[in-house]
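Below: one structure, written as structure tokens.
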Amino acid sequence: AEVKATKNLSLSLTSYVAADRFAQDATGVATPIKSIVDINLAGNYTFNSWLSTFLKINNLSGWAPTQYEFYNGYQVNGFNVLAGAIFSF
């Protein structure tokens with residue numbers, strides 16, 4: 001969900017929840033994989049028509065040292081932060 005907090009600031013919260021998941025192994029047998037909860041926060045501040053900044057905080061639930069796979073065999077990155085500026089011309 002995205003919310004326009006002020007004229008220039010927008011905030012968003014997204015989450016992914018998946019439980020009772022199974023993946024097929026190399027022999028064709030369905031094996032259970034861990035349930036996941038992935039929570040992300042983001043913010044965007046617009047200074048003017050050509051400059052804005054953003055901050056994304058991903059996988060807040062990955063802050064603890066627990067590892068899980070979103071897809072079988074692919075580990076999630078865990079907690080991470082991305083910040084930047086956007087210039088339009």
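Residue numbering restarts at 1 for every chain of the structure tokens, chains are lettered A, B, ... in their displayed order, and ligands are numbered from 1 as they appear.
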### Query
Taking the backbone alone, and naming residues the way the document does, which bits of chain A are strand (DSSP E or B) by DSSP, as a ChimeraX atom specification?
/A:2-4,9-18,21-24,30-33,36-48,51-58,69-71,74-75,80-87
### Query
Which polymer residues have any atom within 9 Å of an atom of Leu55 of chain A, counting only C-alpha atoms, with same-chain residues fewer than 3 positions away left out, as a ChimeraX atom specification?
/A:41-45,81-84
### Task
Please provide the set of residues having any atom within 8 Å of segment 77-80 of chain A, restricted to only C-alpha atoms, with same-chain residues fewer than 4 positions apart removed, written as a ChimeraX atom specification.
/A:57-63,67
Go ahead and dump the residues you just picked, all heavy atoms, as a JSON list (two decimals), in the first residue's frame.
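Okay, this is what ended up in part_3.json:
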[["chain", "number", "residue", "atom", "x", "y", "z"],
["A", 57, "ILE", "N", 13.88, -0.20, 2.17],
["A", 57, "ILE", "CA", 14.37, -1.13, 3.20],
["A", 57, "ILE", "C", 13.66, -2.46, 2.92],
["A", 57, "ILE", "O", 12.43, -2.55, 3.05],
["A", 57, "ILE", "CB", 14.06, -0.62, 4.61],
["A", 57, "ILE", "CG1", 14.65, 0.78, 4.80],
["A", 57, "ILE", "CG2", 14.58, -1.58, 5.65],
["A", 57, "ILE", "CD1", 14.22, 1.46, 6.08],
["A", 58, "ASN", "N", 14.43, -3.42, 2.50],
["A", 58, "ASN", "CA", 13.87, -4.69, 2.05],
["A", 58, "ASN", "C", 14.09, -5.81, 3.05],
["A", 58, "ASN", "O", 15.13, -5.88, 3.69],
["A", 58, "ASN", "CB", 14.48, -5.09, 0.71],
["A", 58, "ASN", "CG", 14.19, -4.08, -0.37],
["A", 58, "ASN", "OD1", 13.06, -3.65, -0.53],
["A", 58, "ASN", "ND2", 15.21, -3.68, -1.10],
["A", 59, "ASN", "N", 13.13, -6.69, 3.13],
["A", 59, "ASN", "CA", 13.19, -7.90, 3.93],
["A", 59, "ASN", "C", 13.43, -7.61, 5.42],
["A", 59, "ASN", "O", 14.37, -8.12, 6.02],
["A", 59, "ASN", "CB", 14.23, -8.87, 3.39],
["A", 59, "ASN", "CG", 13.99, -10.28, 3.84],
["A", 59, "ASN", "OD1", 13.02, -10.56, 4.53],
["A", 59, "ASN", "ND2", 14.87, -11.16, 3.46],
["A", 60, "LEU", "N", 12.59, -6.80, 5.98],
["A", 60, "LEU", "CA", 12.69, -6.50, 7.42],
["A", 60, "LEU", "C", 12.59, -7.77, 8.25],
["A", 60, "LEU", "O", 13.21, -7.87, 9.30],
["A", 60, "LEU", "CB", 11.59, -5.53, 7.84],
["A", 60, "LEU", "CG", 11.79, -4.09, 7.40],
["A", 60, "LEU", "CD1", 10.55, -3.28, 7.66],
["A", 60, "LEU", "CD2", 12.97, -3.49, 8.12],
["A", 61, "SER", "N", 11.85, -8.74, 7.79],
["A", 61, "SER", "CA", 11.75, -10.00, 8.52],
["A", 61, "SER", "C", 13.03, -10.82, 8.41],
["A", 61, "SER", "O", 13.22, -11.77, 9.15],
["A", 61, "SER", "CB", 10.57, -10.81, 8.00],
["A", 61, "SER", "OG", 10.67, -10.98, 6.60],
["A", 62, "GLY", "N", 13.93, -10.45, 7.51],
["A", 62, "GLY", "CA", 15.21, -11.14, 7.36],
["A", 62, "GLY", "C", 16.30, -10.56, 8.24],
["A", 62, "GLY", "O", 17.47, -10.89, 8.09],
["A", 63, "TRP", "N", 15.92, -9.65, 9.16],
["A", 63, "TRP", "CA", 16.90, -9.04, 10.07],
["A", 63, "TRP", "C", 17.54, -10.10, 10.95],
["A", 63, "TRP", "O", 18.73, -10.10, 11.19],
["A", 63, "TRP", "CB", 16.20, -7.99, 10.91],
["A", 63, "TRP", "CG", 17.10, -7.26, 11.84],
["A", 63, "TRP", "CD1", 17.37, -7.57, 13.13],
["A", 63, "TRP", "CD2", 17.89, -6.13, 11.54],
["A", 63, "TRP", "NE1", 18.27, -6.69, 13.65],
["A", 63, "TRP", "CE2", 18.60, -5.78, 12.69],
["A", 63, "TRP", "CE3", 18.06, -5.35, 10.40],
["A", 63, "TRP", "CZ2", 19.48, -4.71, 12.75],
["A", 63, "TRP", "CZ3", 18.93, -4.27, 10.45],
["A", 63, "TRP", "CH2", 19.62, -3.96, 11.61],
["A", 67, "GLN", "N", 17.74, -18.04, 7.54],
["A", 67, "GLN", "CA", 17.81, -18.11, 6.09],
["A", 67, "GLN", "C", 16.61, -18.88, 5.56],
["A", 67, "GLN", "O", 16.19, -19.86, 6.15],
["A", 67, "GLN", "CB", 19.10, -18.80, 5.65],
["A", 67, "GLN", "CG", 20.34, -17.98, 5.94],
["A", 67, "GLN", "CD", 20.38, -16.72, 5.12],
["A", 67, "GLN", "OE1", 20.07, -16.73, 3.92],
["A", 67, "GLN", "NE2", 20.76, -15.62, 5.74]]
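Residue neighbourhood of Thr46 of chain A, excluding near-sequence residues (fewer than 4 positions): A:Asn8, A:Leu9, A:Leu51, A:Ser52, A:Thr53, at 8 Å, using only C-alpha atoms.
You will find atom CA of Gly73 of chain A at 18.4 Å from atom CA of Tyr16 of chain A.
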### Task
Compile the contact shell of Leu13 of chain A as number ranges by chain: residues with an atom at most 9 Å away, counting only C-alpha atoms, same-chain residues fewer than 2 positions apart removed.
A: 1-3, 11, 15, 39-42
Next, the residues of the selection above should be written as a compact mmCIF listing (two decimals), in the first residue's frame with C-alpha atoms.
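Below is the file again.txt, written as the result:
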# COMPACT_ATOMS: atom_id res chain seq x y z
CA ALA A 1 0.00 0.00 0.00
CA GLU A 2 1.29 3.45 -0.84
CA VAL A 3 0.40 6.58 1.11
CA LEU A 11 5.60 5.98 1.78
CA SER A 15 4.55 -7.80 2.36
CA ILE A 39 8.18 -7.15 4.68
CA ASN A 40 9.47 -4.10 2.78
CA LEU A 41 9.29 -0.35 3.43
CA ALA A 42 9.95 2.43 0.93
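Comparing the minimum interatomic distances between Gln75 of chain A and each of A:Gln24, A:Ile33, A:Ser49, A:Phe54, counting only C-alpha atoms, we find that A:Ile33 sits nearest.
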### Query
Quick one, how far is atom CA of Ala5 of chain A from atom CA of Ile86 of chain A?
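The value is 19.4 Å.
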